[in-house]
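Data block for target-v3.txt (compact mmCIF, C-alpha atoms and all ligand atoms):
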```txt
# COMPACT_ATOMS: atom_id res chain seq x y z
CA MET A 1 76.28 147.20 147.10
CA SER A 2 72.52 146.47 147.16
CA LYS A 3 70.93 144.86 144.16
CA ASN A 4 69.06 148.06 143.39
CA LYS A 5 72.19 150.19 143.39
CA ASN A 6 73.88 147.66 141.16
CA VAL A 7 71.05 147.89 138.62
CA ASN A 8 71.16 151.69 138.85
CA MET A 9 74.90 151.71 138.19
CA LYS A 10 74.50 149.45 135.19
CA PHE A 11 71.84 151.80 133.86
CA VAL A 12 74.10 154.83 134.31
CA VAL A 13 76.98 153.06 132.56
CA ALA A 14 74.72 152.02 129.68
CA ILE A 15 73.35 155.54 129.23
CA THR A 16 76.86 157.04 129.36
CA LEU A 17 77.99 154.60 126.69
CA VAL A 18 75.05 155.46 124.43
CA VAL A 19 75.72 159.19 124.84
CA ALA A 20 79.42 158.69 124.11
CA VAL A 21 78.65 156.71 120.95
CA ILE A 22 76.23 159.39 119.77
CA LEU A 23 78.80 162.15 120.44
CA VAL A 24 81.51 160.29 118.51
CA ALA A 25 79.09 159.70 115.63
CA VAL A 26 78.16 163.39 115.53
CA VAL A 27 81.81 164.48 115.54
CA VAL A 28 82.80 162.00 112.83
CA PHE A 29 79.78 162.86 110.71
CA SER A 30 80.21 166.63 110.96
CA ASN A 31 83.94 166.35 110.17
CA LYS A 32 83.11 164.29 107.10
CA GLN A 33 80.60 166.90 105.99
CA GLU A 34 82.91 169.87 106.35
CA SER A 35 86.46 168.91 105.63
CA THR A 36 88.04 167.96 102.36
CA SER A 37 91.45 168.51 103.90
CA THR A 38 93.59 167.95 106.98
CA GLU A 39 95.84 170.65 108.41
CA VAL A 40 99.57 169.90 108.58
CA LYS A 41 101.74 172.99 108.32
CA GLN A 42 102.80 175.57 105.77
CA ILE A 43 105.48 173.99 103.58
CA ASP A 44 108.76 175.87 103.26
CA ILE A 45 109.27 176.13 99.48
CA THR A 46 112.64 177.89 99.62
CA GLY A 47 114.73 176.56 96.72
CA GLN A 48 111.75 174.84 95.09
CA PRO A 49 110.41 175.69 91.61
CA ILE A 50 107.60 178.23 91.76
CA LEU A 51 105.02 178.83 89.06
CA GLY A 52 102.97 182.01 89.29
CA LYS A 53 103.25 185.23 91.24
CA LYS A 54 105.81 184.89 94.03
CA ASP A 55 103.59 186.83 96.46
CA ALA A 56 100.34 185.04 95.60
CA PRO A 57 98.39 184.59 98.86
CA VAL A 58 97.75 180.88 98.34
CA THR A 59 100.51 178.31 97.87
CA ILE A 60 99.84 174.88 96.43
CA VAL A 61 102.57 172.28 96.78
CA GLU A 62 102.45 169.05 94.83
CA PHE A 63 104.48 166.16 96.23
CA GLY A 64 104.90 164.15 93.05
CA ASP A 65 106.97 161.49 91.34
CA PHE A 66 107.82 161.41 87.61
CA LYS A 67 107.30 157.62 87.70
CA CYS A 68 103.82 157.85 89.23
CA PRO A 69 100.88 157.38 86.80
CA ALA A 70 98.44 159.20 89.11
CA CYS A 71 100.78 162.22 89.10
CA LYS A 72 100.79 162.21 85.31
CA SER A 73 97.00 162.16 85.17
CA TRP A 74 96.69 164.77 87.94
CA GLY A 75 98.90 166.97 85.74
CA GLU A 76 96.55 166.41 82.81
CA VAL A 77 93.20 166.66 84.59
CA ILE A 78 93.49 169.01 87.59
CA TYR A 79 96.63 171.10 87.10
CA PRO A 80 95.48 172.90 83.90
CA LYS A 81 92.31 174.01 85.73
CA LEU A 82 94.40 175.46 88.57
CA VAL A 83 96.55 177.31 86.03
CA SER A 84 93.61 178.91 84.23
CA ASP A 85 91.41 179.55 87.29
CA TYR A 86 94.00 180.74 89.82
CA ILE A 87 97.68 180.73 88.88
CA GLU A 88 97.28 183.01 85.85
CA ALA A 89 95.08 185.31 87.94
CA GLY A 90 97.92 185.67 90.46
CA THR A 91 95.95 184.36 93.44
CA VAL A 92 97.75 181.02 93.63
CA LYS A 93 101.37 180.02 93.19
CA PHE A 94 102.36 176.42 92.54
CA SER A 95 105.37 174.44 93.63
CA PHE A 96 106.60 170.87 93.22
CA VAL A 97 108.58 168.64 95.58
CA ASN A 98 110.16 165.43 94.30
CA VAL A 99 109.05 162.13 95.79
CA LEU A 100 111.22 159.05 95.29
CA PHE A 101 108.71 156.25 95.87
CA HIS A 102 109.70 154.46 92.65
CA GLY A 103 113.39 154.21 93.49
CA LYS A 104 116.30 154.75 91.11
CA GLU A 105 114.27 156.11 88.22
CA SER A 106 112.45 158.62 90.45
CA THR A 107 115.83 159.72 91.76
CA LEU A 108 117.40 160.09 88.32
CA GLY A 109 114.42 162.08 87.01
CA SER A 110 114.57 164.31 90.07
CA ILE A 111 118.33 164.88 89.76
CA ALA A 112 117.81 165.94 86.12
CA ALA A 113 114.85 168.21 86.93
CA GLU A 114 116.79 169.87 89.76
CA SER A 115 119.73 170.38 87.41
CA VAL A 116 117.49 172.11 84.86
CA LEU A 117 115.96 174.18 87.66
CA GLU A 118 119.41 175.30 88.76
CA ARG A 119 120.88 176.03 85.32
CA ASN A 120 117.84 176.92 83.22
CA PRO A 121 115.03 177.96 85.59
CA ASN A 122 113.10 179.49 82.68
CA VAL A 123 112.48 176.11 81.07
CA TYR A 124 112.03 174.13 84.29
CA TRP A 125 108.24 173.76 84.07
CA ASP A 126 108.33 172.82 80.38
CA PHE A 127 111.01 170.21 81.06
CA HIS A 128 109.01 168.93 84.05
CA GLN A 129 105.97 168.62 81.75
CA ALA A 130 108.04 166.89 79.06
CA LEU A 131 109.21 164.29 81.61
CA PHE A 132 105.63 163.49 82.58
CA ASP A 133 104.61 163.43 78.91
CA ALA A 134 107.31 160.81 78.31
CA GLN A 135 105.82 158.50 80.94
CA PRO A 136 104.31 155.58 79.00
CA ALA A 137 100.53 155.25 79.24
CA GLU A 138 100.87 151.51 79.86
CA ASN A 139 103.41 149.35 81.62
CA HIS A 140 104.81 152.31 83.53
CA HIS A 141 106.69 149.92 85.82
CA ALA A 142 109.04 149.10 82.95
CA GLN A 143 112.18 151.20 82.98
CA TRP A 144 111.76 154.41 81.00
CA ILE A 145 113.77 157.02 82.95
CA THR A 146 117.40 156.55 81.90
CA LEU A 147 120.32 158.85 81.23
CA GLU A 148 119.67 158.43 77.49
CA SER A 149 115.91 159.04 77.65
CA ILE A 150 116.39 162.21 79.68
CA LEU A 151 119.02 163.54 77.28
CA GLU A 152 116.63 162.74 74.45
CA ILE A 153 113.87 164.76 76.17
CA ALA A 154 116.33 167.57 76.93
CA SER A 155 117.38 167.74 73.27
CA GLY A 156 114.01 169.38 72.63
CA PHE A 157 115.22 172.38 74.65
CA PRO A 158 117.93 174.45 72.92
CA GLU A 159 118.51 176.31 76.22
CA ILE A 160 119.69 173.16 77.99
CA ASP A 161 123.40 172.37 77.76
CA GLN A 162 123.31 168.61 77.13
CA THR A 163 126.91 168.01 78.19
CA ARG A 164 126.39 169.71 81.54
CA LEU A 165 123.12 167.93 82.14
CA LYS A 166 124.80 164.59 81.39
CA GLU A 167 127.61 165.44 83.84
CA ASP A 168 125.10 166.54 86.48
CA MET A 169 123.30 163.22 86.20
CA GLU A 170 126.49 161.12 86.18
CA GLN A 171 127.91 162.99 89.16
CA GLN A 172 124.54 163.28 90.94
CA ALA A 173 125.34 166.98 91.17
CA THR A 174 121.93 168.01 92.52
CA MET A 175 121.58 165.15 94.98
CA ASP A 176 121.52 167.65 97.90
CA ARG A 177 118.34 169.22 96.51
CA VAL A 178 116.80 165.78 95.93
CA LYS A 179 117.69 164.72 99.49
CA HIS A 180 116.19 167.94 100.80
CA ASP A 181 112.91 167.04 99.05
CA ASP A 182 113.06 163.52 100.44
CA ASP A 183 113.54 164.94 103.95
CA LEU A 184 110.43 167.10 103.46
CA VAL A 185 108.47 164.03 102.35
CA LYS A 186 109.47 162.24 105.54
CA GLU A 187 108.88 165.27 107.76
CA ILE A 188 105.34 165.79 106.42
CA GLY A 189 104.67 162.06 106.34
CA VAL A 190 103.69 161.99 102.67
CA SER A 191 102.67 158.42 101.84
CA LEU A 192 100.78 158.80 98.55
CA THR A 193 101.51 160.61 95.30
CA PRO A 194 100.34 163.05 94.28
CA THR A 195 99.88 164.68 97.68
CA ILE A 196 98.50 168.18 97.31
CA ILE A 197 98.96 170.68 100.13
CA ILE A 198 97.23 174.08 100.00
CA ASN A 199 98.52 176.64 102.53
CA GLY A 200 99.34 173.78 104.88
CA ASN A 201 96.14 171.77 104.31
CA ILE A 202 96.51 168.28 102.84
CA ILE A 203 93.76 167.67 100.29
CA GLU A 204 92.03 164.36 100.97
CA ASP A 205 91.21 163.60 97.34
CA PRO A 206 93.60 165.34 94.92
CA PHE A 207 91.21 164.59 92.03
CA ASP A 208 88.27 166.36 93.68
CA TYR A 209 88.56 169.76 91.99
CA GLU A 210 85.51 171.13 93.82
CA GLY A 211 87.13 170.20 97.15
CA ILE A 212 90.37 171.88 96.07
CA LYS A 213 88.44 175.01 95.06
CA THR A 214 86.66 175.08 98.43
CA VAL A 215 90.00 175.10 100.27
CA ILE A 216 91.49 177.76 97.95
CA GLU A 217 88.44 180.02 98.27
CA LYS A 218 88.49 179.67 102.06
CA GLU A 219 92.19 180.55 102.17
CA LEU A 220 91.64 183.55 99.90
CA LYS A 221 88.78 184.74 102.11
CA ASP A 222 90.90 184.32 105.26
CA GLN A 223 93.60 186.54 103.73
CA ASN A 224 91.20 189.47 103.34
CA CA B 1 113.11 170.28 94.94
```
Show this structure as C-alpha cells.
Ligand code: CA
Amino acid sequence: MSKNKNVNMKFVVAITLVVAVILVAVVVFSNKQESTSTEVKQIDITGQPILGKKDAPVTIVEFGDFKCPACKSWGEVIYPKLVSDYIEAGTVKFSFVNVLFHGKESTLGSIAAESVLERNPNVYWDFHQALFDAQPAENHHAQWITLESILEIASGFPEIDQTRLKEDMEQQATMDRVKHDDDLVKEIGVSLTPTIIINGNIIEDPFDYEGIKTVIEKELKDQN
C-alpha cells in the first residue's frame, strides 16, 4: 500500500468512527428523551389479586415485598393517585405479585396474604394495606413479620378465621401461589422492588408519577 493510500484509509476509518459515535449518541439521547419505560411482556395475572374493573384496558402490576420500605412508601405516595385518577374511573386495574427478596419474613407475609386472598378475597386489599402499615418506619431490617404479628393484624378483620389463617401459615398452605409469584419474578428478571409494569412496560422510576401517567395515557390511546 502506498503512503498516500495508507493516509486515505486512516482518514476513512477516523471519519467512520466519528459518524458511528454521533449515531450512538443520537440514539441514546433520543431514547432518554422519549422513554420512561422498557417493554418486557404482558404479565399473566391469572390467580393474582385484582383491584378495579376486571376488563379495564390498562393493567398495572406491582412486584412488591411487604418487607421493602420503598414498597411501603410507593403505596403511600403513588398508589393512592392511581386509585383516584384511574382505578376508580375503570380505566386501570391493579394487581400485586409477591417478591421474596427479604427472605423468610417476605415469604411468611406472602403466605398469609395469599391465604386471605383465597379464603376472604373481599378483604384482601385491606389486609395487604394493613401489612404494609405494620412495617416499622425505622429499623425495618429487624424482624417484624411473625406468625403472632400477622394474627394480631388479622384480628382487626372479623371476616378472617384466625384459626384457619394460623394453620395456613404453619402448614405453608399457599406456598404454591407464593412459588408461582417467585417464578414470575425470575421469568421477568425483576431485581428491584417495587417494580411497576404497565401493560408489559417496566417503569424506569416507579416514583415518577408523570412518567407513569405518560405510559398509561399512551396505552389508553392505543386501545382506541
Ligand atoms: Ca400471588
Per residue of chain A within 10 Å of ligand CA 1 (chain B), what are the shortest atom pair and its distance in Å to one decimal, counting all atoms listed in the file, with rows by chain and residue number, as CSV?
```
residue,atom,partner,partner_atom,distance
A:Ile45,CA,B:CA1,CA,8.3
A:Thr46,CA,B:CA1,CA,8.9
A:Gly47,CA,B:CA1,CA,6.7
A:Gln48,CA,B:CA1,CA,4.8
A:Pro49,CA,B:CA1,CA,6.9
A:Phe63,CA,B:CA1,CA,9.6
A:Ser95,CA,B:CA1,CA,8.9
A:Phe96,CA,B:CA1,CA,6.8
A:Val97,CA,B:CA1,CA,4.9
A:Asn98,CA,B:CA1,CA,5.7
A:Val99,CA,B:CA1,CA,9.1
A:Ser110,CA,B:CA1,CA,7.8
A:Ile111,CA,B:CA1,CA,9.1
A:Ala113,CA,B:CA1,CA,8.5
A:Glu114,CA,B:CA1,CA,6.4
A:Leu117,CA,B:CA1,CA,8.7
A:Thr174,CA,B:CA1,CA,9.4
A:Met175,CA,B:CA1,CA,9.9
A:Asp176,CA,B:CA1,CA,9.3
A:Arg177,CA,B:CA1,CA,5.6
A:Val178,CA,B:CA1,CA,5.9
A:Lys179,CA,B:CA1,CA,8.5
A:His180,CA,B:CA1,CA,7.0
A:Asp181,CA,B:CA1,CA,5.2
A:Asp182,CA,B:CA1,CA,8.7
A:Leu184,CA,B:CA1,CA,9.5
```
task = Within 12 Å of region 142-151 of chain A, counting only C-alpha atoms, which residues show up once you throw out same-chain ones fewer than 5 positions away? Write them as number ranges by chain, please.
result = A: 65-68, 102-113, 115-116, 127-128, 130-137, 156-158, 160-172
query = If we count only C-alpha atoms, what is near Ser191 (chain A) at a cut-off of 12 Å, once residues fewer than 2 positions away on the same chain are taken out, given as a PyMOL selection string?
reply = chain A and resi 63-65+99-101+182+184-189+193-196+202
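Interatomic distance, CA of Glu88 (chain A) to CA of Lys41 (chain A): 25.0 Å.
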Separation of CA of Ile197 (chain A) from CA of Ser37 (chain A), in Å and rounded to one decimal = 8.7 Å
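Note that CA of Ile212 (chain A) and CA of Val61 (chain A) are 12.2 Å apart.
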Set up a box along x, y and z of the file covering all listed atoms of region 47-60 of chain A, add 8 Å on every one of the six sides, and write the centre and edge lengths in Å to one decimal, as JSON.
```
{"center_x": 106.2, "center_y": 180.8, "center_z": 94.0, "size_x": 33.0, "size_y": 28.0, "size_z": 25.8}
```
Please tabulate, as CSV, the residues of region 39-99 of chain A that come within 12 Å of region 214-223 of chain A, each with its closest pair of atoms and the distance in Å to one decimal, counting all atoms listed in the file and ordering rows by chain, then residue number upward.
```
residue,atom,partner,partner_atom,distance
A:Glu39,CA,A:Val215,CA,11.0
A:Ala56,CA,A:Leu220,CA,9.8
A:Pro57,CA,A:Leu220,CA,6.9
A:Val58,CA,A:Glu219,CA,6.8
A:Thr59,CA,A:Ile216,CA,9.0
A:Ile60,CA,A:Ile216,CA,9.0
A:Leu82,CA,A:Ile216,CA,10.1
A:Asp85,CA,A:Ile216,CA,10.8
A:Tyr86,CA,A:Ile216,CA,9.0
A:Ile87,CA,A:Ile216,CA,11.4
A:Gly90,CA,A:Leu220,CA,11.5
A:Thr91,CA,A:Leu220,CA,7.8
A:Val92,CA,A:Ile216,CA,8.3
A:Lys93,CA,A:Ile216,CA,11.2
```
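The shortest atom-to-atom distance to Thr38 (chain A), with only C-alpha atoms taken into account, belongs to A:Asn201 out of A:Tyr124, A:Asn201, A:Gly211, A:Ile50.
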